[in-house]
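*Asks:* Supplied structure: run_10.cif, mmCIF, C-alpha atoms.
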```cif
data_upload
#
loop_
_atom_site.label_atom_id
_atom_site.label_comp_id
_atom_site.auth_asym_id
_atom_site.auth_seq_id
_atom_site.Cartn_x
_atom_site.Cartn_y
_atom_site.Cartn_z
CA MET A 320 20.19 -23.19 -22.45
CA SER A 321 16.85 -22.65 -20.80
CA SER A 322 16.18 -19.20 -19.42
CA LEU A 323 15.52 -20.66 -15.97
CA LEU A 324 18.95 -22.28 -15.89
CA GLN A 325 20.45 -19.05 -17.17
CA SER A 326 18.87 -17.02 -14.40
CA LEU A 327 19.93 -19.58 -11.78
CA ILE A 328 23.50 -19.39 -13.01
CA THR A 329 23.43 -15.60 -12.95
CA GLU A 330 22.14 -15.72 -9.41
CA LEU A 331 24.84 -18.20 -8.42
CA ARG A 332 27.57 -15.99 -9.84
CA ARG A 333 26.30 -12.70 -8.55
CA GLY A 334 27.34 -13.38 -4.98
CA THR A 335 30.86 -14.32 -5.95
CA LEU A 336 31.48 -11.29 -8.15
CA THR A 337 32.28 -8.98 -5.27
CA LEU A 338 34.82 -11.45 -3.94
CA ALA A 339 36.37 -11.88 -7.38
CA VAL A 340 36.67 -8.12 -7.87
CA LEU A 341 38.07 -7.50 -4.38
CA SER A 342 40.67 -10.21 -4.92
CA GLN A 343 42.05 -8.36 -7.94
CA LEU A 344 42.25 -4.98 -6.23
CA ARG A 345 45.19 -5.60 -3.93
CA GLN A 346 47.11 -3.71 -6.59
CA PRO A 347 45.60 -0.58 -8.09
CA GLN A 348 43.63 -1.35 -11.24
CA TYR A 349 41.53 0.65 -13.64
CA GLY A 350 38.28 -0.60 -15.09
CA TYR A 351 39.47 -2.25 -18.25
CA SER A 352 42.62 -3.77 -16.74
CA LEU A 353 40.38 -5.33 -14.13
CA VAL A 354 38.17 -6.82 -16.83
CA GLN A 355 41.22 -8.30 -18.49
CA SER A 356 42.72 -9.76 -15.34
CA LEU A 357 39.38 -11.29 -14.38
CA GLU A 358 38.92 -12.75 -17.85
CA ALA A 359 42.43 -14.15 -17.75
CA SER A 360 41.33 -16.22 -14.75
CA GLY A 361 38.17 -17.25 -16.56
CA VAL A 362 35.80 -15.01 -14.64
CA VAL A 363 33.39 -13.40 -17.05
CA ILE A 364 31.79 -10.21 -15.84
CA GLU A 365 29.59 -7.86 -17.79
CA GLN A 366 31.24 -4.48 -17.95
CA SER A 367 27.89 -2.86 -17.38
CA THR A 368 27.90 -4.68 -14.04
CA LEU A 369 31.52 -4.11 -13.15
CA TYR A 370 31.74 -0.33 -13.40
CA PRO A 371 28.75 0.39 -11.22
CA LEU A 372 29.95 -2.30 -8.79
CA LEU A 373 33.31 -0.51 -8.44
CA ARG A 374 31.56 2.72 -7.54
CA ARG A 375 29.40 0.93 -5.01
CA LEU A 376 32.45 -0.64 -3.39
CA GLU A 377 34.01 2.79 -3.18
CA LYS A 378 30.91 4.17 -1.52
CA GLN A 379 31.02 1.32 0.97
CA GLU A 380 34.63 2.38 1.66
CA LEU A 381 36.00 -1.02 0.70
CA VAL A 382 38.11 0.54 -2.08
CA THR A 383 39.62 3.94 -2.70
CA SER A 384 39.98 5.57 -6.08
CA SER A 385 42.29 8.07 -7.66
CA TRP A 386 42.53 9.62 -11.10
CA ASP A 387 45.82 9.17 -12.90
CA THR A 388 46.17 11.96 -15.42
CA SER A 389 49.88 11.48 -16.15
CA GLU A 390 49.21 9.41 -19.29
CA ALA A 391 47.52 10.48 -22.50
CA ARG A 392 44.26 8.91 -21.35
CA PRO A 393 43.12 9.72 -17.80
CA ARG A 394 42.29 6.58 -15.85
CA LYS A 395 40.55 5.98 -12.60
CA TYR A 396 42.42 3.54 -10.41
CA TYR A 397 40.78 1.52 -7.66
CA GLU A 398 42.57 -0.15 -4.75
CA LEU A 399 41.54 -1.95 -1.58
CA SER A 400 41.38 0.23 1.49
CA ALA A 401 42.55 -1.08 4.87
CA PHE A 402 38.94 -1.83 5.70
CA GLY A 403 38.49 -3.48 2.30
CA GLN A 404 41.58 -5.60 2.90
CA GLU A 405 40.17 -6.80 6.18
CA THR A 406 36.72 -7.47 4.74
CA PHE A 407 38.25 -9.29 1.79
CA GLN A 408 40.11 -11.69 4.10
CA GLN A 409 36.94 -12.45 6.03
CA LEU A 410 34.91 -12.90 2.88
CA LYS A 411 37.59 -15.17 1.44
CA ALA A 412 37.62 -17.35 4.55
CA GLU A 413 33.84 -17.56 4.39
CA TRP A 414 33.95 -18.53 0.75
CA LEU A 415 36.54 -21.24 1.29
CA LYS A 416 34.50 -22.62 4.15
CA SER A 417 31.22 -22.70 2.26
CA SER A 418 32.73 -24.04 -0.94
CA GLN A 419 34.24 -26.86 1.07
CA GLU A 420 30.87 -27.59 2.60
CA LEU A 421 29.24 -27.52 -0.79
CA GLN A 422 31.96 -29.74 -2.19
CA HIS A 423 31.20 -32.20 0.57
CA LEU A 424 27.49 -32.09 -0.17
CA LEU A 425 27.96 -32.57 -3.89
CA GLN A 426 30.42 -35.41 -3.41
CA GLY A 427 27.90 -37.18 -1.21
CA GLU A 428 25.45 -36.79 -4.06
CA ASP A 429 27.82 -38.49 -6.53
CA ASP A 430 28.54 -41.45 -4.25
CA LYS A 431 24.93 -42.47 -4.01
CA MET B 808 33.66 9.84 -32.01
CA LYS B 809 30.13 10.97 -31.98
CA LEU B 810 28.51 7.64 -31.05
CA ILE B 811 30.51 7.48 -27.84
CA ASP B 812 29.44 10.98 -26.85
CA ILE B 813 25.81 10.17 -27.43
CA TYR B 814 26.10 6.91 -25.51
CA ILE B 815 27.72 8.60 -22.52
CA GLU B 816 25.14 11.36 -22.60
CA GLU B 817 22.37 8.75 -22.70
CA VAL B 818 23.76 7.17 -19.54
CA THR B 819 24.67 10.25 -17.55
CA ARG B 820 21.53 12.27 -18.17
CA ARG B 821 19.70 9.64 -16.12
CA LEU B 822 22.03 10.09 -13.16
CA PRO B 823 22.20 12.64 -10.36
CA GLU B 824 24.06 15.82 -11.34
CA LYS B 825 26.90 15.42 -8.87
CA ASN B 826 28.04 12.06 -10.25
CA ARG B 827 27.66 12.82 -13.93
CA GLU B 828 31.05 14.25 -14.73
CA ASP B 829 33.04 11.57 -12.94
CA ILE B 830 31.07 8.72 -14.44
CA ALA B 831 31.27 10.27 -17.91
CA LEU B 832 35.05 10.54 -17.66
CA GLU B 833 35.43 7.01 -16.40
CA LEU B 834 33.08 5.59 -19.02
CA ARG B 835 34.95 7.37 -21.79
CA SER B 836 38.31 6.10 -20.65
CA SER B 837 36.94 2.56 -20.29
CA ILE B 838 35.41 2.65 -23.76
CA GLU B 839 38.61 3.95 -25.28
CA ASP B 840 40.54 1.22 -23.48
CA MET B 841 38.39 -1.36 -25.15
CA LEU B 842 38.92 0.05 -28.63
CA PRO B 843 41.85 -0.95 -30.87
CA GLU B 844 44.53 1.58 -31.85
CA ALA B 845 42.99 2.78 -35.09
CA TYR B 846 39.31 2.11 -34.77
CA GLU B 847 36.35 2.48 -37.05
CA GLU B 848 32.70 2.95 -36.40
CA ARG B 849 32.21 -0.82 -36.47
CA ASP B 850 34.59 -1.22 -33.53
CA VAL B 851 32.79 1.45 -31.56
CA GLU B 852 29.49 -0.27 -32.17
CA ALA B 853 30.90 -3.58 -31.00
CA VAL B 854 32.20 -2.01 -27.79
CA LEU B 855 28.95 -0.21 -27.04
CA GLU B 856 27.05 -3.40 -27.74
CA LYS B 857 29.13 -5.02 -25.03
CA LEU B 858 28.27 -2.28 -22.55
CA GLY B 859 24.61 -2.74 -23.34
CA ASP B 860 21.49 -0.61 -23.05
CA PRO B 861 22.41 2.81 -21.61
CA VAL B 862 19.14 2.84 -19.64
CA LEU B 863 20.11 -0.36 -17.84
CA LEU B 864 23.66 0.84 -17.28
CA ALA B 865 22.36 4.06 -15.76
CA GLY B 866 20.03 1.99 -13.58
CA ALA B 867 22.98 -0.01 -12.30
CA TYR B 868 24.80 3.21 -11.41
CA ARG B 869 21.87 4.70 -9.61
CA GLU B 870 21.72 4.17 -5.87
CA GLN B 871 18.02 4.93 -5.54
CA PRO B 872 15.79 1.88 -5.77
CA MET B 873 14.28 1.37 -9.21
CA HIS B 874 10.92 0.41 -7.76
CA LEU B 875 8.25 2.46 -6.03
CA ILE B 876 7.62 0.12 -3.13
CA GLY B 877 9.94 -2.71 -2.24
CA PRO B 878 9.17 -6.15 -0.85
CA ARG B 879 9.61 -5.07 2.77
CA LEU B 880 6.90 -2.44 2.59
CA TYR B 881 4.67 -4.03 -0.03
CA ASP B 882 2.70 -6.17 2.39
CA THR B 883 1.95 -3.24 4.69
CA TYR B 884 1.14 -1.10 1.69
CA VAL B 885 -1.49 -3.52 0.42
CA SER B 886 -3.12 -3.98 3.81
CA VAL B 887 -3.29 -0.22 4.40
CA LEU B 888 -4.94 0.19 1.00
CA LYS B 889 -7.48 -2.51 1.77
CA MET B 890 -8.26 -0.90 5.10
CA VAL B 891 -8.53 2.66 3.83
CA PHE B 892 -10.59 1.98 0.68
CA PRO B 893 -13.87 0.97 2.33
CA ILE B 894 -13.65 3.68 4.99
CA ALA B 895 -12.99 6.35 2.40
CA ALA B 896 -15.78 5.04 0.18
CA VAL B 897 -18.34 5.11 3.00
CA ILE B 898 -17.29 8.56 4.15
CA ALA B 899 -17.54 9.76 0.55
CA LEU B 900 -21.05 8.31 0.24
CA ILE B 901 -22.24 9.79 3.54
CA SER B 902 -20.92 13.22 2.75
CA LEU B 903 -22.42 12.99 -0.72
CA VAL B 904 -25.88 12.14 0.61
CA ALA B 905 -25.65 14.85 3.25
CA ASP B 906 -24.50 17.37 0.70
CA ARG B 907 -27.31 16.50 -1.71
CA ALA B 908 -29.94 16.62 0.97
CA LEU B 909 -28.69 19.98 2.20
CA GLY B 910 -28.60 21.40 -1.29
CA THR B 911 -32.22 20.45 -2.01
CA GLN B 912 -33.63 21.38 1.35
CA HIS B 913 -36.35 23.69 0.10
CA THR B 914 -36.80 22.57 -3.45
CA ASP B 915 -39.38 20.16 -4.69
CA THR B 916 -36.97 17.77 -6.35
CA ALA B 917 -38.36 14.46 -7.42
CA VAL B 918 -37.20 11.77 -5.06
CA VAL B 919 -36.79 9.04 -7.65
CA GLN B 920 -34.76 11.38 -9.78
CA MET B 921 -32.69 12.24 -6.75
CA VAL B 922 -32.04 8.57 -6.07
CA PHE B 923 -30.73 8.08 -9.60
CA VAL B 924 -28.61 11.19 -9.40
CA LEU B 925 -27.27 9.96 -6.06
CA LEU B 926 -26.53 6.53 -7.51
CA GLY B 927 -24.58 8.05 -10.38
CA GLU B 928 -22.76 10.50 -8.21
CA GLY B 929 -22.14 7.76 -5.68
CA ILE B 930 -20.37 5.56 -8.21
CA TRP B 931 -18.39 8.49 -9.51
CA GLY B 932 -17.60 9.63 -5.96
CA ILE B 933 -16.32 6.20 -4.96
CA CYS B 934 -14.17 6.03 -8.10
CA SER B 935 -12.59 9.40 -7.49
CA VAL B 936 -12.06 8.68 -3.80
CA ALA B 937 -10.47 5.36 -4.74
CA ILE B 938 -8.07 7.16 -7.06
CA GLN B 939 -7.26 9.71 -4.37
CA VAL B 940 -6.66 7.03 -1.75
CA PHE B 941 -4.51 5.03 -4.14
CA PHE B 942 -2.45 8.08 -5.03
CA TRP B 943 -1.81 9.34 -1.51
CA VAL B 944 -1.12 5.96 0.05
CA THR B 945 1.22 5.04 -2.79
CA LEU B 946 2.99 8.39 -2.56
CA THR B 947 3.45 8.00 1.20
CA PHE B 948 4.89 4.52 0.83
CA ALA B 949 7.12 5.52 -2.09
CA ILE B 950 8.58 8.30 0.07
CA ALA B 951 8.96 5.90 3.00
CA GLU B 952 10.81 3.52 0.68
CA ARG B 953 13.22 6.27 -0.35
CA PHE B 954 13.87 7.35 3.20
CA GLY B 955 14.89 3.80 4.00
CA TRP B 956 11.90 3.02 6.14
CA GLY B 957 11.96 -0.55 4.91
CA ASP B 958 15.75 -0.86 5.04
CA GLY B 959 16.06 -2.35 8.49
CA THR B 960 16.93 -6.01 8.46
CA ASP B 961 13.72 -7.22 10.01
CA ILE B 962 10.95 -4.76 9.64
CA THR B 963 7.53 -6.16 9.15
CA GLY B 964 4.93 -3.48 8.98
CA PHE B 965 5.36 -0.65 11.39
CA SER B 966 7.35 -2.29 14.17
CA ARG B 967 11.07 -1.70 13.93
CA LYS B 968 11.97 -4.47 16.33
CA PRO B 969 13.38 -7.62 14.77
CA TRP B 970 10.82 -10.36 14.60
CA SER B 971 11.05 -13.23 17.05
CA PRO B 972 8.78 -16.24 17.60
CA LYS B 973 7.88 -14.70 20.97
CA ASP B 974 5.92 -12.05 19.08
CA LEU B 975 3.43 -14.74 18.20
CA LYS B 976 2.41 -14.96 21.85
CA SER B 977 1.08 -11.41 21.80
CA ILE B 978 -1.21 -12.27 18.90
CA PRO B 979 -4.27 -14.00 20.33
CA TYR B 980 -5.22 -17.16 18.56
CA THR B 981 -8.42 -16.42 16.71
CA PRO B 982 -10.94 -19.18 16.15
CA LYS B 983 -12.53 -18.88 12.73
CA LYS B 984 -15.94 -18.40 14.28
CA ALA B 985 -14.81 -15.25 16.09
CA ALA B 986 -13.39 -13.58 13.00
CA ILE B 987 -14.96 -10.36 11.79
CA THR B 988 -15.01 -10.19 8.04
CA ARG B 989 -14.39 -7.01 6.13
CA MET B 990 -17.87 -7.41 4.72
CA GLU B 991 -19.33 -7.24 8.21
CA VAL B 992 -17.40 -4.05 8.92
CA PHE B 993 -18.44 -2.60 5.60
CA LEU B 994 -22.12 -3.41 6.18
CA GLY B 995 -21.88 -1.84 9.62
CA MET B 996 -20.61 1.35 8.07
CA LEU B 997 -23.22 1.24 5.34
CA TRP B 998 -25.92 0.77 7.99
CA LEU B 999 -24.80 3.92 9.77
CA GLY B 1000 -24.35 5.67 6.46
CA ILE B 1001 -27.96 4.96 5.52
CA TRP B 1002 -29.70 5.69 8.80
CA ALA B 1003 -27.83 8.82 9.81
CA PRO B 1004 -28.82 10.83 6.71
CA LEU B 1005 -32.33 9.34 6.85
CA TYR B 1006 -32.75 10.68 10.37
CA PHE B 1007 -31.45 14.14 9.64
CA TYR B 1008 -33.26 14.53 6.33
CA ALA B 1009 -36.46 12.72 7.27
CA ASP B 1010 -38.44 15.83 6.41
CA GLN B 1011 -37.49 15.34 2.77
CA LEU B 1012 -37.30 11.60 2.57
CA ALA B 1013 -39.78 9.90 4.88
CA GLY B 1014 -43.48 9.92 4.16
CA VAL B 1015 -45.96 9.31 1.41
CA HIS B 1016 -44.64 10.11 -2.03
CA ARG B 1017 -46.81 11.04 -4.92
CA LYS B 1018 -46.18 11.47 -8.59
CA GLY B 1019 -45.58 15.15 -9.25
CA GLU B 1020 -44.45 17.10 -12.27
CA ASN B 1021 -40.84 16.06 -11.78
CA GLY B 1022 -41.55 12.47 -10.82
CA LEU B 1023 -42.09 11.43 -7.22
CA VAL B 1024 -42.36 14.18 -4.62
CA LEU B 1025 -42.95 14.01 -0.91
CA HIS B 1026 -46.69 14.46 -0.46
CA ILE B 1027 -47.31 13.81 3.23
CA ARG B 1028 -44.52 13.96 5.75
CA ALA B 1029 -44.33 11.02 8.15
CA PHE B 1030 -42.58 12.71 11.05
CA ASN B 1031 -43.00 15.88 12.97
CA GLN B 1032 -39.50 17.18 12.39
CA ASP B 1033 -39.35 19.21 15.62
CA VAL B 1034 -40.23 16.21 17.76
CA LEU B 1035 -38.00 13.88 15.76
CA HIS B 1036 -35.06 16.22 16.13
CA ALA B 1037 -35.65 17.19 19.76
CA TYR B 1038 -32.98 14.72 20.88
CA TRP B 1039 -30.57 15.21 18.01
CA PRO B 1040 -27.46 15.57 20.23
CA LEU B 1041 -28.22 12.13 21.68
CA VAL B 1042 -28.59 10.73 18.19
CA VAL B 1043 -25.21 12.16 17.28
CA VAL B 1044 -23.75 10.48 20.37
CA ALA B 1045 -25.35 7.17 19.40
CA ILE B 1046 -24.00 7.45 15.86
CA GLY B 1047 -20.58 8.32 17.26
CA VAL B 1048 -20.57 5.29 19.54
CA GLY B 1049 -21.74 3.12 16.67
CA LEU B 1050 -18.89 4.42 14.53
CA ILE B 1051 -16.41 3.61 17.31
CA VAL B 1052 -17.68 0.02 17.39
CA VAL B 1053 -17.32 -0.33 13.62
CA LEU B 1054 -13.79 1.07 13.72
CA ALA B 1055 -12.92 -1.21 16.65
CA LYS B 1056 -14.15 -4.17 14.60
CA LEU B 1057 -12.02 -3.04 11.71
CA VAL B 1058 -8.90 -2.84 13.86
CA GLU B 1059 -9.46 -5.91 16.05
CA ARG B 1060 -10.70 -8.17 13.23
CA HIS B 1061 -12.15 -10.69 15.68
CA TRP B 1062 -14.65 -10.71 18.51
CA SER B 1063 -13.29 -10.38 22.02
CA LYS B 1064 -14.93 -9.93 25.42
CA ARG B 1065 -13.99 -6.28 25.36
CA LEU B 1066 -15.46 -5.76 21.92
CA ALA B 1067 -18.64 -7.61 22.85
CA PHE B 1068 -19.12 -5.30 25.84
CA LEU B 1069 -18.40 -2.24 23.73
CA ASN B 1070 -20.98 -3.47 21.24
CA LEU B 1071 -23.48 -4.02 24.06
CA ALA B 1072 -22.89 -0.49 25.38
CA SER B 1073 -23.35 0.96 21.91
CA GLU B 1074 -26.56 -0.99 21.35
CA LEU B 1075 -27.86 0.14 24.75
CA VAL B 1076 -27.18 3.79 23.98
CA ALA B 1077 -28.88 3.44 20.59
CA ALA B 1078 -31.84 1.60 22.10
CA VAL B 1079 -32.36 4.25 24.77
CA VAL B 1080 -32.27 7.01 22.18
CA PHE B 1081 -34.58 5.05 19.90
CA LEU B 1082 -37.14 4.37 22.66
CA LEU B 1083 -36.98 7.97 23.83
CA ILE B 1084 -37.81 9.24 20.37
CA VAL B 1085 -40.45 6.61 19.62
CA SER B 1086 -42.23 7.29 22.92
CA GLN B 1087 -42.87 10.93 21.99
CA PRO B 1088 -46.63 11.41 21.56
CA ASP B 1089 -46.59 13.75 18.54
CA LEU B 1090 -43.83 12.05 16.61
CA LEU B 1091 -45.99 11.19 13.60
CA GLU B 1092 -47.77 13.84 11.58
CA PRO B 1093 -51.60 13.63 11.93
CA ALA B 1094 -52.06 13.79 8.16
CA PHE B 1095 -49.75 10.83 7.74
CA ILE B 1096 -51.57 8.83 10.41
CA THR B 1097 -54.96 9.47 8.84
CA TYR B 1098 -53.69 8.60 5.38
CA MET B 1099 -52.09 5.36 6.48
CA ALA B 1100 -55.02 4.36 8.68
CA ASN B 1101 -57.35 4.77 5.72
CA LEU B 1102 -55.00 2.81 3.54
CA PHE B 1103 -55.00 -0.17 5.90
CA GLU B 1104 -58.66 0.33 6.90
CA ILE B 1105 -57.95 0.58 10.61
CA THR B 1106 -58.45 3.36 13.15
CA PRO B 1107 -55.72 5.97 13.54
CA ASP B 1108 -55.00 4.81 17.11
CA GLN B 1109 -54.59 1.24 15.94
CA PHE B 1110 -52.18 2.33 13.25
CA VAL B 1111 -50.04 4.32 15.70
CA SER B 1112 -49.88 1.56 18.28
CA ARG B 1113 -49.23 -1.21 15.74
CA LEU B 1114 -46.52 0.81 14.03
CA THR B 1115 -44.94 1.75 17.35
CA TRP B 1116 -44.96 -1.74 18.83
CA GLY B 1117 -43.92 -3.28 15.56
CA ALA B 1118 -40.95 -0.93 15.21
CA VAL B 1119 -39.98 -1.29 18.87
CA SER B 1120 -40.09 -5.07 18.87
CA ILE B 1121 -38.23 -5.44 15.58
CA TYR B 1122 -35.64 -2.98 16.77
CA LEU B 1123 -35.12 -4.60 20.15
CA ILE B 1124 -34.97 -8.12 18.74
CA THR B 1125 -32.32 -7.19 16.18
CA ALA B 1126 -30.35 -5.19 18.74
CA ALA B 1127 -30.50 -8.02 21.27
CA TRP B 1128 -29.48 -10.53 18.62
CA GLY B 1129 -26.52 -8.30 17.69
CA CYS B 1130 -25.36 -8.21 21.33
CA ILE B 1131 -25.83 -11.94 21.93
CA ASP B 1132 -24.08 -12.79 18.68
CA GLY B 1133 -21.10 -10.68 19.76
CA PHE B 1134 -20.80 -12.47 23.09
CA ARG B 1135 -21.40 -15.85 21.51
CA LYS B 1136 -18.55 -15.30 19.09
CA ALA B 1137 -16.30 -13.75 21.73
CA TYR B 1138 -16.61 -16.84 23.89
CA ALA B 1139 -16.51 -19.34 21.05
CA ARG B 1140 -13.51 -21.63 21.44
#
```
Re-express the file's structure as structure tokens.

*Replies:*
Amino acid sequence: MSSLLQSLITELRRGTLTLAVLSQLRQPQYGYSLVQSLEASGVVIEQSTLYPLLRRLEKQELVTSSWDTSEARPRKYYELSAFGQETFQQLKAEWLKSSQELQHLLQGEDDK
Amino acid sequence: MKLIDIYIEEVTRRLPEKNREDIALELRSSIEDMLPEAYEERDVEAVLEKLGDPVLLAGAYREQPMHLIGPRLYDTYVSVLKMVFPIAAVIALISLVADRALGTQHTDTAVVQMVFVLLGEGIWGICSVAIQVFFWVTLTFAIAERFGWGDGTDITGFSRKPWSPKDLKSIPYTPKKAAITRMEVFLGMLWLGIWAPLYFYADQLAGVHRKGENGLVLHIRAFNQDVLHAYWPLVVVAIGVGLIVVLAKLVERHWSKRLAFLNLASELVAAVVFLLIVSQPDLLEPAFITYMANLFEITPDQFVSRLTWGAVSIYLITAAWGCIDGFRKAYAR
């Protein structure tokens, strides 16, 4: 694959990553479990992107975090905050709308 | 496992102190999650490979921008640099010439030698000033970047207001003919930078030079320094006004009615001062007059009157042309 195409694809995906991550955080998740649940749905995300992204979302108060030290290995759990919940719904609606629009555009392209 | 420790250390040492511990803990638990039950060094390497370069990972964690000056400020940054460089260079040159001339006030330094020394020091001076300007402007903008100066959604340059097409109305449409090039501004500065020191150090520079032991030395002075400097405060005023015009050109970047009038006023002031000085009877040294008259095989009186009228007419014609040109360009449409 050409490097231009690669960078275009990366750019295309970057915007949707936040939405994908937020969608999985309605239940508390820790870093690796999040990677697995995303991969199960076919979403590939670099872990070196995901962990910093989680911290950024926390700073933006979209998610809250808590350390669970009850198990042998301490884990940091992330979960949507009320504000994050609200933002996620809006973002989701926006995504559905624009993907429909894009779908329409691309279909028009095929019909020609 | 030692590799994991080193990897985590490599990431966290690049991060602010307050976040280090938390990120280290989280990284460790994530890495261990990725490893199989009974792992070997190979497995650790595979996992770390997946996480990638610790420098990049640390960069992703960091909230500070990883650039000195971002796209929002870059344009302003470059234009400030372009504006400050020539000004700083001219100021450096002027102060250098003044400094040199002061330092050699009563010594018999060879003029040609001095010119070469000045040339060398001038180039060096401009280089070091350029480095200084570059450093300080860059530092200022880098700090501005970090304090979120360029973070507003629509900040172009210094104005914090969002841009709207209405802003275009406040920018006058400039015909190409009315534009003032940077070269013109620079030459204007250079002009002042040459004549101002020449006036104040005429006693060491102007006159007949003769080959001495150290090369060329001033043999016969052209001007009677007391007469020449009798009106020095007026000369300072004229230089000041001239400087204002040059700076106004630099800021405005095109001729306008206002600028043309300012230019006219400045030329008038300079012309008055010039005529006042030229009309002094004992301005030229008698020895100089005699020497020059002999050289051209004319009488001393002829030399004085020809020199005076020649200088006056050349001066007035150039000054008048400068004024007319300003108005012509200001009204060009």

*Asks:* So that I can check the surroundings of Phe1095 in chain B, please list as a PyMOL selection string every protein, DNA and RNA residue that reaches within 7 Å of it, counting only C-alpha atoms and ignoring chain neighbours fewer than 2 positions away.

*Replies:* chain B and resi 1027-1029+1091-1093+1097-1099

*Asks:* For the contact check between range 325-380 of chain A and range 409-426 of chain A, emit one row per residue of range 325-380 of chain A within 9 Å, containing the shortest atom pair and the distance in Å rounded to one decimal, counting all atoms listed in the file, chain then rising number order, as a Markdown table.

*Replies:*
```
| residue | atom | partner | partner_atom | distance |
| --- | --- | --- | --- | --- |
| A:Thr335 | CA | A:Trp414 | CA | 8.5 |
| A:Leu338 | CA | A:Leu410 | CA | 7.0 |
| A:Ser342 | CA | A:Lys411 | CA | 8.6 |
```

*Asks:* Check every residue of chain A for an atom within 6 Å of chain B, counting only C-alpha atoms, and provide those that qualify as a ChimeraX atom specification.

*Replies:* /A:351,366-367,371

*Asks:* A:Glu377, A:Trp386, A:Tyr349, A:Arg333: which is nearest Ile364 in chain A, counting all atoms listed in the file?

*Replies:*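 Of all the options, A:Arg333 lies closest to Ile364 in chain A.
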
*Asks:* Translate the PyMOL selection byres ((chain B and resi 1084) around 12) into a concrete residue list for this structure, as a JSON list (two decimals) with C-alpha atoms, in the coordinates of the input.

*Replies:*
```
[["chain", "number", "residue", "atom", "x", "y", "z"],
["B", 1006, "TYR", "CA", -32.75, 10.68, 10.37],
["B", 1030, "PHE", "CA", -42.58, 12.71, 11.05],
["B", 1031, "ASN", "CA", -43.00, 15.88, 12.97],
["B", 1032, "GLN", "CA", -39.50, 17.18, 12.39],
["B", 1033, "ASP", "CA", -39.35, 19.21, 15.62],
["B", 1034, "VAL", "CA", -40.23, 16.21, 17.76],
["B", 1035, "LEU", "CA", -38.00, 13.88, 15.76],
["B", 1036, "HIS", "CA", -35.06, 16.22, 16.13],
["B", 1037, "ALA", "CA", -35.65, 17.19, 19.76],
["B", 1038, "TYR", "CA", -32.98, 14.72, 20.88],
["B", 1039, "TRP", "CA", -30.57, 15.21, 18.01],
["B", 1041, "LEU", "CA", -28.22, 12.13, 21.68],
["B", 1042, "VAL", "CA", -28.59, 10.73, 18.19],
["B", 1077, "ALA", "CA", -28.88, 3.44, 20.59],
["B", 1078, "ALA", "CA", -31.84, 1.60, 22.10],
["B", 1079, "VAL", "CA", -32.36, 4.25, 24.77],
["B", 1080, "VAL", "CA", -32.27, 7.01, 22.18],
["B", 1081, "PHE", "CA", -34.58, 5.05, 19.90],
["B", 1082, "LEU", "CA", -37.14, 4.37, 22.66],
["B", 1083, "LEU", "CA", -36.98, 7.97, 23.83],
["B", 1085, "VAL", "CA", -40.45, 6.61, 19.62],
["B", 1086, "SER", "CA", -42.23, 7.29, 22.92],
["B", 1087, "GLN", "CA", -42.87, 10.93, 21.99],
["B", 1088, "PRO", "CA", -46.63, 11.41, 21.56],
["B", 1089, "ASP", "CA", -46.59, 13.75, 18.54],
["B", 1090, "LEU", "CA", -43.83, 12.05, 16.61],
["B", 1091, "LEU", "CA", -45.99, 11.19, 13.60],
["B", 1115, "THR", "CA", -44.94, 1.75, 17.35],
["B", 1118, "ALA", "CA", -40.95, -0.93, 15.21],
["B", 1119, "VAL", "CA", -39.98, -1.29, 18.87]]
```

*Asks:* Given the file shown, determine the residues that the PyMOL selection byres ((chain B and resi 1071) around 12) selects; report them as a VMD selection string.

*Replies:* chain B and resid 1048 to 1049 1052 1064 to 1070 1072 to 1078 1126 to 1134

*Asks:* Neighbouring residues of Lys1056 in chain B were defined as those with any atom within 8 Å, considering all atoms listed in the file; residues of the same chain fewer than 3 positions away were excluded. Please report them as a list in words.

*Replies:* Ile987, Val992, Val1052, Val1053, Glu1059, Arg1060, His1061, Trp1062 and Leu1066 of chain B

*Asks:* The PyMOL selection byres ((chain B and resi 1001) around 12) - which residues does that actually catch in the file I just gave you? List them as a list in words.

*Replies:*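 In the shown coordinates, the PyMOL selection byres ((chain B and resi 1001) around 12) covers Val897, Ile898, Leu900, Ile901, Ser902, Leu903, Val904, Ala905, Leu994, Gly995, Met996, Leu997, Trp998, Leu999, Gly1000, Trp1002, Ala1003, Pro1004, Leu1005, Tyr1006, Phe1007, Tyr1008, Ala1009, Leu1012 and Ile1046 of chain B.
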
*Asks:* Given the choices B:Val854, B:Ile1105, B:Ala1100, B:Leu842, which gets closest to Glu365 in chain A if the distance is worked out from all atoms listed in the file?

*Replies:* B:Val854

*Asks:* Would you mind reading off the distance between CA of Asp850 in chain B and CA of Gly350 in chain A, one decimal, in Å?

*Replies:*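 Rounded to one decimal, the two atoms are 18.8 Å apart.
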
*Asks:* A:Gln408, A:Thr368, A:Thr383, A:Thr388: which is nearest Thr329 in chain A, counting all atoms listed in the file?

*Replies:*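 Looking at the shortest contact to Thr329 in chain A, the residue is A:Thr368.
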
*Asks:* When you look at Glu398 in chain A with a cut-off of 7 Å (counting all atoms listed in the file), what residues show up, excluding the ones that are within fewer than 4 positions of it in the same chain? I need them as a CSV table (one decimal) with C-alpha atoms, in the coordinates of the input.

*Replies:*
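Output contents, as saved in result09.csv:
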```
chain,number,residue,atom,x,y,z
A,344,LEU,CA,42.2,-5.0,-6.2
A,345,ARG,CA,45.2,-5.6,-3.9
A,346,GLN,CA,47.1,-3.7,-6.6
A,347,PRO,CA,45.6,-0.6,-8.1
A,348,GLN,CA,43.6,-1.4,-11.2
A,382,VAL,CA,38.1,0.5,-2.1
A,383,THR,CA,39.6,3.9,-2.7
A,384,SER,CA,40.0,5.6,-6.1
```
